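Notes follow the structure.
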Amino acid sequence: MKILVIGSWGMLGRDLVSQLSNLSVPGSLPVEIIAANHGHVDITNGSNTSAFIAQIKPDVIVNCAAFTNVDACETRISEAFAVNATGAKNIAQAGKESGARVIHISTDYVFDGTRNEPYSETDQPNPLSVYGKSKLEGELAIQEISDTYAIIRTAWLYGPYKKNFVTTVLDLGRKNRSVSVVTDQCGCPTYTADLSYAIGSIISRNLRGLYHVTNAGTCSRYEWAKKIFALTGEQVSVLPLKAADYKRAAAVPQNSSLDCTKYTTASGHKMRPWQEALEEYLRLCNDQAAN
Ligand SMILES: NC(=O)c1ccc[n+]([C@@H]2O[C@H](COP(=O)([O-])OP(=O)(O)OC[C@H]3O[C@@H](n4cnc5c(N)ncnc54)[C@H](OP(=O)(O)O)[C@@H]3O)[C@@H](O)[C@H]2O)c1
């Protein structure tokens with residue numbers, strides 16, 4: 001089975017490429033992974049995307065490419081839609097032409113965050129930001145074009161291959177001995193290694209449709225930061241901050257926790273609690289710093 005990962009130099013893409021090399025798919029020949037970055041294919045260009053995919057002839061395409069700077073999307077609107085909406089559409093079209101299944105990564109930011117409970121796949125999206133709107137348009141294009149798609153909505157990613165919330169909080173805490181973090185935004189921190197494993201399960205079990213996949217549990221960004229320093233044992237004051245007092249360009253949901261029951265039932269795999277995944281990631285960071 002040939003799996004093409006687009007966006008392979010991003011935070012998720014890099015982890016996914018390394019994790020998928022261990023994937024075994026029942027009844028299939030060994031898995032071959034092809035990693036494509038922005039230099040190999042520009043997904044905003046339909047003919048470039050179709051020609052690239054026709055040449056590779058993958059069985060499965062995983063699209064990890066996106067314009068992910070949520071605040072920058074507010075001013076770079078056409079770029080956000082070109083990558084997140086047209087790019088997704090181009091991949092779905094090229095996948096259909098070449099007979100490949102498409103696995104597309106989407107986001108909790110398609111929801112407005114006004115619900116008090118975690119969102120399930122049947123809840124109505126209502127994005128607040130350009131990023132969320134462009135990602136939702138990408139989802140809709142894939143659903144319209146492809147008969148074999150899987151769309152995975154995930155959230156609050158962190159991992160070893162890019163600066164993220166965890167590394168930013170650690171850097172600020174170590175520098176200033178205190179960090180102010182928002183208390184009234186809740187979500188599911190998700191480790192790219194764990195999400196990569198779940199993507200592998202979705203591929204090997206040939207799951208189709210829309211799935212929410214995050215590490216288990218929910219917290220505020222404030223609780224997440226507190227846990228980071230509790231696990232590293234560093235004496236850093238984590239100070240509560242209201243979202244209203246933290247000015248940023250994009251409006252983001254207050255509660256974007258995702259209910260992952262559908263994925264757990266279909267795959268037979270339950271994502272571990274976010275605290276356990278965070279502990280493993282921090283251990284990895286520590287080991288890397290020591291070497
Ligand atoms: N990060 C999060 O917290 C989060 C949360 C929920 C969902 N997600 C979703 O998860 C997926 C992966 O996110 P991530 O954080 O790993 O993203 P990332 O680190 O920003 O990586 C995105 C990759 O997409 C590539 N790319 C951008 N425009 C492209 C284009 N026109 N053609 C081809 N490649 C292009 C980028 O390459 P260049 O840098 O070279 O342009 C980059 O390597 C995305 O779909 C994102 O929406 C992320």
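Going by the structure tokens order, chains are called A, B, ..., each with residues numbered from 1, while ligands are numbered from 1 in the order shown.
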Residues of range 94-212 of chain A in alpha helix (DSSP H), written as a ChimeraX atom specification
/A:94-98,130-145,165-176,192-204
Using only C-alpha atoms and all ligand atoms, find each residue with an atom at most 8 Å away from ligand 1 and format the answer as a PyMOL selection string.
chain A and resi 6-14+37-45+63-69+82-84+87+104-109+135+153-158+162+164
Shell of 10 Å around Ile91 in chain A, only C-alpha atoms, local chain residues under 4 positions omitted, as a list in words
Ile6, Ile43, Thr44, Asn45, Gly46, Thr49, Ser50, Ile53, Ile61, Val62, Asn63, Thr86, Gly87, Gly95, Lys96, Glu97, Ala100, Val102, Ile103, His104, Gly138, Ala141, Ile142, Ile145 and Ser146 of chain A
Of the residues A:Gly233, A:Pro58, A:Pro127, A:Pro118, which is the one nearest to Ser98 in chain A, using only C-alpha atoms?
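Looking only at the distances to Ser98 in chain A, the closest residue turns out to be A:Pro58.
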Based on the backbone DSSP call, show me all residues of range 105-234 of chain A assigned strand (DSSP E), as a PyMOL selection string.
chain A and resi 105-107+150-154+157-158+178-182+186-187+190-191+209-212+219-220
For Leu170 in chain A, find every residue with an atom within 9 Å (counting only C-alpha atoms), except residues of its own chain fewer than 5 positions away, and show them as a list in words.
Phe165, Lys175, Ala225, Ile228 and Phe229 of chain A
Excluding same-chain residues fewer than 3 positions from range 183-194 of chain A, what lies within 9 Å of it counting only C-alpha atoms, as an NGL selection string?
:A and (11-13 or 15-16 or 19 or 108 or 113 or 118 or 154-160 or 197-199 or 213-224 or 240-243 or 252-258 or 271-272 or 274-275 or 277-278 or 281)
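Distance check against Leu128 in chain A using only C-alpha atoms: of A:Lys270, A:Asn22, A:Ala251, A:Lys226, the minimum falls on A:Ala251.
Taking only C-alpha atoms into account, Ala72 in chain A lies nearest to A:Val130 out of the set A:Ile203, A:Val179, A:Val130, A:Val236.
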What lies within 8 Å of Ser237 in chain A using only C-alpha atoms, ignoring chain neighbours under 4 positions off, as a list of chain:residue names?
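So, after excluding close chain neighbours, the residues are A:Gly173, A:Arg177, A:Ser178, A:Val179.
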Output N, CA and C atoms of each residue in that selection to a file, as a PDB file, in the first residue's frame.
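Output file out15.pdb is given in full below:
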```pdb
ATOM      1  N   GLY A 173       8.035  30.712  30.694  1.00  0.00           N
ATOM      2  CA  GLY A 173       8.138  30.426  32.132  1.00  0.00           C
ATOM      3  C   GLY A 173       9.586  30.424  32.595  1.00  0.00           C
ATOM      4  N   ARG A 177       9.853  33.406  34.884  1.00  0.00           N
ATOM      5  CA  ARG A 177       9.405  32.720  36.120  1.00  0.00           C
ATOM      6  C   ARG A 177       7.907  32.863  36.357  1.00  0.00           C
ATOM      7  N   SER A 178       7.186  33.459  35.407  1.00  0.00           N
ATOM      8  CA  SER A 178       5.724  33.476  35.492  1.00  0.00           C
ATOM      9  C   SER A 178       5.146  33.578  34.081  1.00  0.00           C
ATOM     10  N   VAL A 179       3.952  33.018  33.910  1.00  0.00           N
ATOM     11  CA  VAL A 179       3.245  33.141  32.631  1.00  0.00           C
ATOM     12  C   VAL A 179       1.770  33.391  32.922  1.00  0.00           C
TER      13      VAL A 179
END
```
Which is closest to Leu282 in chain A among A:Asn116, A:Asn48, A:Thr232, A:Asn176, if we use only C-alpha atoms?
A:Thr232
